[in-house]
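Participant: So here's structure.txt, just compact mmCIF, C-alpha atoms:
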# COMPACT_ATOMS: atom_id res chain seq x y z
CA LYS A 1 242.16 68.04 145.60
CA GLY A 2 244.23 71.04 144.51
CA ARG A 3 243.10 73.85 142.25
CA ALA A 4 245.47 72.79 139.46
CA SER A 5 243.74 69.41 139.15
CA MET A 6 240.20 70.83 139.12
CA LYS A 7 238.16 71.22 135.94
CA ALA A 8 237.43 74.63 134.44
CA SER A 9 233.68 74.10 134.85
CA PRO A 10 232.31 73.33 138.31
CA LEU A 11 229.58 71.25 136.70
CA ASP A 12 232.16 69.02 135.01
CA GLU A 13 234.01 68.76 138.34
CA PHE A 14 230.80 67.83 140.12
CA ILE A 15 230.00 65.15 137.52
CA ALA A 16 233.51 63.68 137.72
CA ARG A 17 233.42 63.38 141.51
CA SER A 18 229.85 62.03 141.56
CA HIS A 19 230.73 59.48 138.85
CA ALA A 20 233.69 58.30 140.92
CA ARG A 21 231.27 57.66 143.81
CA GLY A 22 228.83 55.77 141.55
CA GLN A 23 226.09 58.40 141.82
CA CYS A 24 225.93 59.14 138.09
CA ASP A 25 227.38 57.91 134.82
CA LYS A 26 230.15 59.74 133.00
CA HIS A 27 227.56 61.89 131.21
CA GLY A 28 226.06 63.13 134.48
CA VAL A 29 222.87 61.04 134.50
CA ALA A 30 221.86 59.62 137.89
CA THR A 31 222.43 55.91 138.39
CA GLY A 32 219.24 55.79 140.43
CA PHE A 33 218.01 53.77 143.37
CA PRO A 34 219.50 52.75 145.77
CA VAL A 35 222.35 55.26 145.33
CA PRO A 36 221.31 58.65 146.78
CA TRP A 37 222.04 61.73 144.69
CA ALA A 38 220.07 64.73 145.89
CA PHE A 39 220.51 68.34 146.97
CA THR A 40 218.68 70.67 149.31
CA LEU A 41 216.90 73.38 147.32
CA ALA A 42 216.06 76.75 148.91
CA THR A 43 213.75 79.23 147.17
CA PRO A 44 212.29 82.55 148.34
CA GLY A 45 208.73 82.75 149.58
CA PRO A 46 205.94 84.36 147.52
CA THR A 47 206.01 87.57 149.60
CA PRO A 48 208.84 89.48 151.32
CA ASP A 49 207.61 88.51 154.79
CA SER A 50 207.06 84.80 154.07
CA HIS A 51 209.51 82.09 155.03
CA PRO A 52 211.79 80.64 152.35
CA SER A 53 211.01 77.14 151.13
CA CYS A 54 213.58 74.38 151.68
CA ARG A 55 213.26 70.82 150.37
CA ASN A 56 215.39 67.86 149.38
CA ILE A 57 215.18 67.03 145.66
CA GLY A 58 216.76 64.21 143.70
CA ILE A 59 219.11 65.15 140.86
CA HIS A 60 218.15 63.54 137.56
CA HIS A 61 221.18 64.72 135.66
CA VAL A 62 223.74 67.49 135.40
CA ASP A 63 224.51 69.05 132.03
CA ALA A 64 226.65 71.91 130.77
CA GLU A 65 224.04 74.43 131.95
CA GLY A 66 223.18 73.20 135.43
CA PHE A 67 221.40 70.74 137.72
CA VAL A 68 218.26 69.15 136.27
CA PHE A 69 215.47 67.88 138.53
CA ALA A 70 211.74 67.21 138.60
CA CYS A 71 208.96 67.96 141.07
CA ARG A 72 205.23 68.67 141.17
CA GLY A 73 204.30 72.26 140.38
CA HIS A 74 206.53 75.07 141.52
CA PRO A 75 210.00 74.11 142.81
CA GLY A 76 209.21 76.11 145.95
CA GLY A 77 206.28 73.84 146.75
CA ALA A 78 202.67 74.80 147.32
CA ALA A 79 203.61 78.29 148.48
CA GLY A 80 205.30 79.14 145.18
CA GLY A 81 207.96 81.87 145.15
CA GLY A 82 210.51 83.46 142.85
CA SER A 83 212.97 81.98 140.37
CA LEU A 84 216.13 82.67 142.39
CA ALA A 85 217.39 79.63 144.24
CA SER A 86 220.29 78.13 146.16
CA ILE A 87 221.28 74.51 146.57
CA CYS A 88 223.47 72.58 149.00
CA PHE A 89 224.81 69.09 148.31
CA LEU A 90 226.61 66.93 150.87
CA ALA A 91 228.75 63.87 150.20
CA GLY A 92 230.90 61.70 152.43
CA ASN A 93 230.75 60.87 156.09
CA TYR A 94 232.55 63.22 158.43
CA PRO A 95 235.14 62.26 159.51
CA ASN A 96 235.30 58.52 158.76
CA ALA A 97 234.58 58.12 155.04
CA GLY A 98 237.97 59.37 153.90
CA PHE A 99 236.32 62.29 152.13
CA GLU A 100 233.79 64.98 152.88
CA GLU A 101 232.36 67.55 150.49
CA GLN A 102 229.82 70.33 150.66
CA TRP A 103 228.77 71.86 147.34
CA ARG A 104 226.84 75.11 147.27
CA ALA A 105 225.44 76.97 144.26
CA GLU A 106 223.25 79.97 143.56
CA GLY A 107 221.39 80.72 140.37
CA ILE A 108 218.06 80.80 138.57
CA VAL A 109 215.51 78.01 138.24
CA GLN A 110 214.54 77.53 134.59
CA PRO A 111 211.42 75.58 133.53
CA LEU A 112 212.05 72.89 130.89
CA ASP A 113 209.78 71.12 128.45
CA VAL A 114 208.27 68.09 130.19
CA SER A 115 208.28 66.12 126.94
CA GLU A 116 212.08 66.17 127.04
CA ALA A 117 211.99 64.05 130.19
CA MET A 118 209.78 61.31 128.82
CA PRO A 119 212.32 59.65 126.48
CA LEU A 120 214.77 59.55 129.39
CA ASN A 121 212.33 57.60 131.59
CA ALA A 122 212.99 60.31 134.14
CA ASP A 123 211.80 59.84 137.71
CA GLN A 124 209.08 57.33 136.91
CA ASP A 125 208.39 56.65 140.57
CA LEU A 126 207.87 60.37 141.10
CA GLN A 127 205.56 60.51 138.09
CA VAL A 128 203.42 57.74 139.60
CA GLN A 129 203.19 59.54 142.94
CA ILE A 130 202.27 62.84 141.31
CA VAL A 131 199.56 61.35 139.10
CA ALA A 132 198.10 59.42 142.05
CA SER A 133 198.12 62.54 144.23
CA ALA A 134 196.36 64.56 141.54
CA ALA A 135 193.73 61.82 141.14
CA PHE A 136 193.16 61.76 144.91
CA SER A 137 192.70 65.56 144.96
CA GLU A 138 190.27 65.49 142.04
CA ALA A 139 188.24 62.69 143.63
CA ARG A 140 187.94 64.56 146.93
CA ARG A 141 186.86 67.72 145.13
CA ALA A 142 184.27 65.81 143.08
CA LYS A 143 182.89 64.15 146.22
CA SER A 144 182.74 67.10 148.62
CA GLY A 145 182.92 70.12 146.32
CA SER A 146 186.29 71.27 147.69
CA SER A 147 189.78 70.04 148.52
CA ASP A 148 189.35 70.64 152.27
CA PRO A 149 190.89 69.99 154.67
CA VAL A 150 194.04 71.86 153.62
CA ASP A 151 196.80 73.63 155.55
CA THR A 152 197.72 77.32 155.32
CA ASN A 153 199.77 76.72 152.15
CA GLY A 154 197.04 74.80 150.38
CA ARG A 155 198.48 71.32 150.95
CA LEU A 156 195.83 68.62 151.25
CA LEU A 157 195.57 66.94 154.64
CA LEU A 158 194.87 63.23 155.17
CA PRO A 159 193.29 63.20 158.63
CA THR A 160 191.80 59.68 158.52
CA ASP A 161 193.05 56.14 157.91
CA GLU A 162 190.53 55.91 155.07
CA ASP A 163 192.26 58.81 153.31
CA ALA A 164 195.65 57.10 153.58
CA ALA A 165 194.25 53.79 152.32
CA THR A 166 192.55 55.52 149.37
CA LEU A 167 195.80 57.22 148.37
CA ASP A 168 197.74 53.94 148.63
CA ALA A 169 195.19 52.26 146.36
CA ARG A 170 195.49 55.02 143.77
CA VAL A 171 199.31 54.78 143.80
CA ALA A 172 199.08 51.03 143.21
CA ALA A 173 196.61 51.53 140.35
CA VAL A 174 198.74 54.16 138.62
CA GLU A 175 201.86 52.00 139.00
CA THR A 176 200.04 49.13 137.31
CA ARG A 177 199.14 51.38 134.40
CA ARG A 178 202.72 52.67 134.16
CA ALA A 179 204.13 49.15 134.05
CA ALA A 180 201.69 48.34 131.23
CA GLY A 181 202.78 51.41 129.25
CA LYS A 182 199.45 53.18 129.73
CA LEU A 183 200.67 56.22 131.65
CA HIS A 184 201.05 58.93 129.02
CA ALA A 185 202.97 62.22 128.94
CA ASP A 186 199.90 64.45 128.68
CA GLU A 187 198.38 62.93 131.84
CA ILE A 188 201.66 63.26 133.71
CA LYS A 189 201.98 66.91 132.72
CA ARG A 190 198.33 67.65 133.56
CA ALA A 191 198.89 66.18 137.03
CA GLY A 192 201.60 68.78 137.70
CA PHE A 193 204.86 66.97 136.89
CA ARG A 194 207.40 69.67 136.06
CA TRP A 195 210.97 69.63 134.82
CA TYR A 196 213.49 72.30 135.90
CA ARG A 197 217.14 73.26 135.69
CA LEU A 198 219.02 75.22 138.34
CA ALA A 199 221.39 77.30 136.21
CA PRO A 200 224.09 78.47 138.62
CA SER A 201 226.02 81.73 138.48
CA ARG A 202 228.30 80.71 141.37
CA VAL A 203 229.42 77.30 142.62
CA GLU A 204 231.70 76.37 145.49
CA VAL A 205 233.00 73.19 147.07
CA LEU A 206 234.22 72.84 150.64
CA ALA A 207 236.30 69.68 150.99
CA GLY A 208 237.43 68.20 154.29
CA GLY A 209 236.66 69.40 157.80
CA PRO A 210 238.17 71.02 160.90
CA SER A 211 239.73 67.74 162.07
CA TRP A 212 241.59 67.14 158.82
CA PRO A 213 245.41 67.56 158.99
CA HIS A 214 245.32 70.91 157.20
CA GLY A 215 241.67 71.72 157.76
CA PRO A 216 239.10 72.12 154.99
CA THR A 217 239.78 73.66 151.59
CA ARG A 218 237.24 75.81 149.81
CA HIS A 219 237.15 76.73 146.10
CA GLU A 220 234.65 78.69 144.06
CA TRP A 221 233.80 79.29 140.41
CA ILE A 222 231.93 82.37 139.19
CA LYS A 223 230.23 82.60 135.82
CA SER A 224 230.73 85.76 133.81
CA ALA A 225 227.42 87.50 133.16
CA HIS A 226 228.63 88.78 129.79
CA ALA A 227 230.84 86.05 128.34
CA GLY A 228 228.95 83.18 129.96
CA VAL A 229 232.14 81.33 130.88
CA TRP A 230 233.41 80.15 134.24
CA THR A 231 236.35 81.74 135.98
CA PRO A 232 239.08 79.27 137.00
CA PRO A 233 238.54 77.80 140.48
CA THR A 234 239.75 80.20 143.16
CA ARG A 235 240.66 79.15 146.67
CA VAL A 236 238.63 80.91 149.37
CA LEU A 237 239.14 81.22 153.11
CA PRO A 238 237.09 78.33 154.62
CA TYR A 239 235.48 80.42 157.36
CA ASN A 240 234.91 84.00 156.29
CA VAL A 241 233.76 86.79 158.65
CA ALA A 242 232.82 89.46 156.12
CA ASN A 243 229.40 89.84 157.75
CA VAL A 244 229.92 89.00 161.40
CA GLU A 245 226.95 91.11 162.44
CA GLY A 246 224.49 88.67 160.87
CA PRO A 247 220.74 89.42 160.63
CA THR A 248 219.42 92.42 162.56
CA GLY A 249 215.73 91.79 162.66
CA ASN A 250 215.09 92.68 166.30
CA ALA A 251 216.66 94.19 169.40
CA ALA A 252 217.87 90.84 170.72
CA ASN A 253 219.69 90.13 167.47
CA LYS A 254 221.24 93.58 167.48
CA SER A 255 222.55 93.03 170.98
CA PHE A 256 224.02 89.69 169.95
CA ASN A 257 225.56 91.19 166.83
CA VAL A 258 227.38 93.88 168.84
CA GLU A 259 228.83 91.18 171.06
CA ALA A 260 230.04 89.32 167.97
CA ARG A 261 231.65 92.44 166.51
CA VAL A 262 233.46 93.19 169.77
CA ASP A 263 234.59 89.58 170.11
CA VAL A 264 236.44 89.55 166.80
CA ARG A 265 238.26 92.78 167.69
CA ARG A 266 239.81 91.64 170.94
CA ASP A 267 243.23 91.74 169.31
CA GLY A 268 242.84 95.52 169.40
CA GLY A 269 242.78 95.54 173.19
CA TRP A 270 239.05 95.06 173.82
CA ASP A 271 238.87 92.52 176.63
CA SER A 272 235.12 92.46 177.07
CA PRO A 273 231.93 93.94 175.56
CA ALA A 274 231.61 96.34 178.52
CA SER A 275 235.12 97.76 178.21
CA ALA A 276 234.82 97.87 174.43
CA ARG A 277 231.76 100.06 174.74
CA GLY A 278 233.13 102.39 177.39
CA GLY A 279 231.34 100.62 180.26
CA PHE A 280 228.02 102.29 179.33
CA GLY A 281 226.91 100.10 176.44
CA TRP A 282 228.12 102.77 173.95
CA THR A 283 230.47 102.39 171.01
CA ALA A 284 233.44 104.73 170.60
CA PHE A 285 231.60 106.54 167.80
CA GLU A 286 228.53 107.07 170.01
CA MET A 287 230.73 108.43 172.80
CA MET A 288 232.37 110.84 170.36
CA LEU A 289 228.96 112.12 169.24
CA ALA A 290 227.88 112.55 172.87
CA ALA A 291 231.02 114.55 173.66
CA TYR A 292 230.42 116.76 170.65
CA ALA A 293 226.79 117.39 171.70
CA LEU A 294 227.89 118.32 175.22
CA GLY A 295 230.46 120.74 173.82
CA VAL A 296 227.90 122.46 171.60
CA THR A 297 225.44 122.70 174.50
CA ALA A 298 228.07 124.23 176.79
CA ALA A 299 228.98 126.82 174.13
CA CYS A 300 225.32 127.79 173.69
CA VAL A 301 224.85 128.24 177.46
CA LEU A 302 227.98 130.41 177.66
CA LEU A 303 226.78 132.62 174.80
CA LEU A 304 223.34 133.05 176.41
CA ARG A 305 224.91 134.09 179.69
CA MET A 306 227.18 136.58 177.96
CA SER A 307 224.29 138.08 176.01
CA GLY A 308 222.20 138.31 179.20
CA GLY A 309 225.04 140.08 180.98
CA MET A 310 225.18 142.66 178.21
Can you give me the file's structure in the form of structure tokens?

Facilitator:
Amino acid sequence: KGRASMKASPLDEFIARSHARGQCDKHGVATGFPVPWAFTLATPGPTPDSHPSCRNIGIHHVDAEGFVFACRGHPGGAAGGGSLASICFLAGNYPNAGFEEQWRAEGIVQPLDVSEAMPLNADQDLQVQIVASAAFSEARRAKSGSSDPVDTNGRLLLPTDEDAATLDARVAAVETRRAAGKLHADEIKRAGFRWYRLAPSRVEVLAGGPSWPHGPTRHEWIKSAHAGVWTPPTRVLPYNVANVEGPTGNAANKSFNVEARVDVRRDGGWDSPASARGGFGWTAFEMMLAAYALGVTAACVLLLRMSGGM
């Protein structure tokens, strides 16, 4: 799909394509089971040295402001984390479905009022699971005085078959109450059901793949921080190398990154990492510094000898 035929808003473009696949209606509301419509959500960990959280979350609907979804508690899971987030959405079947798309977006996760979700009958199966899980946790705490056993992130463990059977029974009981109209909004909210929107500041779509006749095409939209409007879709090089060095967390990574930098500069006459680094594992800049240091040292020695001779 060419840039000229794309919509000014990436959210409108996403809705239009998803609607054509039967994943949502024309207003951007999910059609529901059994049609999958979900993205992978990545959020930062609670501390700088903690791992980011990554999970697959169903999209309830997409509106003019972003992607709306529900989960229990913090969108980063039990570990929590910040409000910045990225998502990745895949559609198609490479290379046989006739189409392939990868959508990526970055933005801020905004909490929404849970009561807004109730009239929409949003994610009722998820509501049942969350209420049943909360009831199981409360029952364990009432029986033993704590939620143990838990893992390092505070997630409850079910080490016995009895635990699993108890949870299944609670899910069935809550589902019965829901079907009878006796599962109320205040109980759902108290159990931890939360409603969020990922409000993106940048969205991109990569369509196609390497085996396509002309390769993949990649377009991005960026939202103005001041005007709050989207820039027109701009075509982007599918495989950029702006940061070929990658992460540099340890010596092994640094060694790998140097190899990568040398590799992309072979057109300048560097045939191998050894020749590119002067055969000694040095860059040209490092060799220049070494030559300068040797020159200064030689000058100092000469001056000392001359002063001694005097």

Participant: In terms of the shortest atom-to-atom distance over only C-alpha atoms, which of A:Thr160, A:Ser133, A:Thr231, A:Ser83 is closest to A:Gly45?

Facilitator: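 With only C-alpha atoms as the atom set, the closest residue is A:Ser83.
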
Participant: Nearest to A:Asp125: which of A:Ala165, A:Leu156, A:Ala207, A:Ala172 is it, counting only C-alpha atoms?

Facilitator: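 For A:Asp125, the nearest of the candidates is A:Ala172.
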
Participant: For a quick check of understanding, using only C-alpha atoms, which of A:Arg218, A:Lys223, A:His19, A:His60 has the smallest distance to A:Asn240?

Facilitator: A:Arg218

Participant: Smallest atom-to-atom distance to A:Thr31: which of A:Leu198, A:Leu11, A:Met6, A:Ile59, using all atoms listed in the file?

Facilitator: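 For A:Thr31, the nearest of the given residues is A:Ile59.
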
Participant: Between atom CA of A:Val35 and atom CA of A:Gln110, what is the spacing in Å?

Facilitator: 25.9 Å

Participant: Work out how far atom CA of A:Lys189 is from atom CA of A:Leu112, in Å to one decimal.

Facilitator: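 That distance, rounded to one decimal, is 11.9 Å.
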
Participant: Which residue, A:Ser147, A:His184, A:Trp230, A:Cys24, has the smallest gap to A:Ala64 when you use only C-alpha atoms?

Facilitator: A:Trp230

Participant: What separation in Å, quoted to one decimal, exists between atom CA of A:Leu167 and atom CA of A:Val128?

Facilitator: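 Separating atom CA of A:Leu167 from atom CA of A:Val128 is a distance of 11.6 Å.
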
Participant: Starting from 5 Å padding per side, set up an axis-aligned box that covers all listed atoms of stretch 220-236 of chain A and hand over centre and edge lengths in Å, one decimal, as JSON.

Facilitator:
{"center_x": 234.0, "center_y": 83.3, "center_z": 138.9, "size_x": 23.2, "size_y": 21.0, "size_z": 31.0}

Participant: From the set A:Arg141, A:Arg202, A:Arg72, A:Arg235, which residue has the shortest atom-to-atom contact distance to A:Ser9, counting only C-alpha atoms?

Facilitator: A:Arg202
